[in-house]
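Trainee: Can you read through this structure? Questions will come right after.
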Amino acid sequence: GDSVTQMEGPVTLSEEAFLTINCTYTATGYPSLFWYVQYPGEGLQLLLKATKADDKGSNKGFEATYRKETTSFHLEKGSVQVSDSAVYFCALQGAQKLVFGQGTRLTINP
Amino acid sequence: NAGVMQNPRHLVRRRGQEARLRCSPMKGHSHVYWYRQLPEEGLKFMVYLQKENIIDESGMPKERFSAEFPKEGPSILRIQQVVRGDSAAYFCASSPQWGTNTEAFFGQGTRLTVV
């Protein structure tokens with residue numbers, strides 16, 4: 001069945017550091033791919049998405065490129081801020097549901 | 001346009017009681033999904049409903065759990081005879097349809113604590 005594997009956390013960085021959170025997936029067909037962010041005590045918010053191979057999703061300085069050849073959708077940001085501290089979830093759109101990775105907790109220290 | 005509304009935000013139940021979680025989808029959305037998040041874990045799909053129909057309940061435990069989305073009113077996730085292992089955050093999401101470019105919007109969740 002469809003599945004998503006994310007980089008193990010937690011991840012702790014200093015402000016202005018470069019961020020990469022790895023995400024790979026297994027799916028039949030060509031699913032849409034998403035990154036969601038969850039701030040403490042809140043629900044999930046869509047951060048960015050890509051619907052086909054080689055698409056790049058971007059939002060708030062975050063980017064991720066849909067790589068069909070490596071079945072990956074890694075999240076990157078060039079310079080993180082304290083306010084980026086949250087849990088990040090990679091997800092794919094399966095037949096009739098979103099399938100999530102286990103989440104990566106990111107902490108940014110000033 | 002109000003977002004997905006879940007209530008209550010926090011629910012405490014004693015073992016053996018029933019828990020009822022409510023989800024009002026965004027206006028115009030007829031598709032509802034329920035997910036469970038255990039502490040420090042990802043989101044696990046539970047059930048997908050359209051108005052008056054259960055489309056996919058492959059993630060629902062076979063016993064004690066049920067869900068409905070009536071023609072009028074919110075979607076309800078019901079857990080009977082709760083046990084400590086049911087303690088988790090339960091999230092509802094809604095969408096207007098299901099397709100490649102469909103975005104699902106999430107509520108803020110109900111945090112169930114079984115004591």
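Residue numbering restarts at 1 for every chain of the structure tokens, chains are lettered A, B, ... in their displayed order, and ligands are numbered from 1 as they appear.
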Chain B: which residues are strand (DSSP E or B) by DSSP, as a PyMOL selection string?

Mentor: chain B and resi 5-7+10-13+19-24+31-37+43-50+53-56+65-68+75-79+88-95+105-106+110-114

Trainee: Would you pick out the contacts of Ser85 in chain A at 7 Å or less, using only C-alpha atoms, so that residues sharing its chain but fewer than 5 positions from it are not included, and give the list as a list in words?

Mentor: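 Everything that qualifies: Leu106, Thr107 and Ile108 of chain A.
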
Trainee: For Ile55 in chain B, which of B:Gln108, B:Ser24, B:Glu68, B:Arg84 is the closest residue, counting only C-alpha atoms?

Mentor: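 When distances to Ile55 in chain B are compared using only C-alpha atoms, the smallest one comes from B:Glu68.
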
Trainee: Pull out every residue of chain B that has at least one atom within 12 Å of chain A, counting only C-alpha atoms, and report them as a ChimeraX atom specification.

Mentor: /B:3-6,9-10,31-50,54-59,89-95,97-111

Trainee: What is the distance, in Å and to one decimal place, between CA of Glu63 in chain B and CA of Gln80 in chain B?

Mentor: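 For CA of Glu63 in chain B relative to CA of Gln80 in chain B, the distance reads 8.6 Å.
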
Trainee: Would you compute the distance between CA of Val37 in chain A and CA of Asp84 in chain A? Give it in Å to one decimal.

Mentor: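 Straight-line distance from CA of Val37 in chain A to CA of Asp84 in chain A works out to 9.2 Å.
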
Trainee: Between A:Gly29, A:Ile21, A:Ala53, A:Phe62, which is the closest to Gly9 in chain A once you count only C-alpha atoms?

Mentor: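 Among the listed residues, the smallest separation from Gly9 in chain A belongs to A:Ile21.
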
Trainee: So that I can check the surroundings of Val80 in chain A, please list as a list in words every protein, DNA and RNA residue that reaches within 7 Å of it, counting only C-alpha atoms and ignoring chain neighbours fewer than 6 positions away.

Mentor: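 The residues that qualify are Glu15, Glu16, Ala17, Phe18 and Leu19 of chain A.
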
Trainee: Would you mind exporting the chosen residues as a short mmCIF file (atom, residue, chain, number, x, y, z; two decimals), in the first residue's frame, restricted to C-alpha atoms?

Mentor:
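See part.cif below for the written result:
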```cif
data_model
loop_
_atom_site.label_atom_id
_atom_site.label_comp_id
_atom_site.auth_asym_id
_atom_site.auth_seq_id
_atom_site.Cartn_x
_atom_site.Cartn_y
_atom_site.Cartn_z
CA GLU A 15 18.60 30.49 13.51
CA GLU A 16 19.59 31.20 9.88
CA ALA A 17 20.81 27.63 9.33
CA PHE A 18 19.92 25.65 6.19
CA LEU A 19 17.16 23.08 6.64
#
```

Trainee: Just to confirm, what's the straight-line distance from CA of Glu63 in chain A to CA of Thr26 in chain A in Å (one decimal)?

Mentor: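 Computing the Euclidean distance for CA of Glu63 in chain A and CA of Thr26 in chain A yields 20.7 Å.
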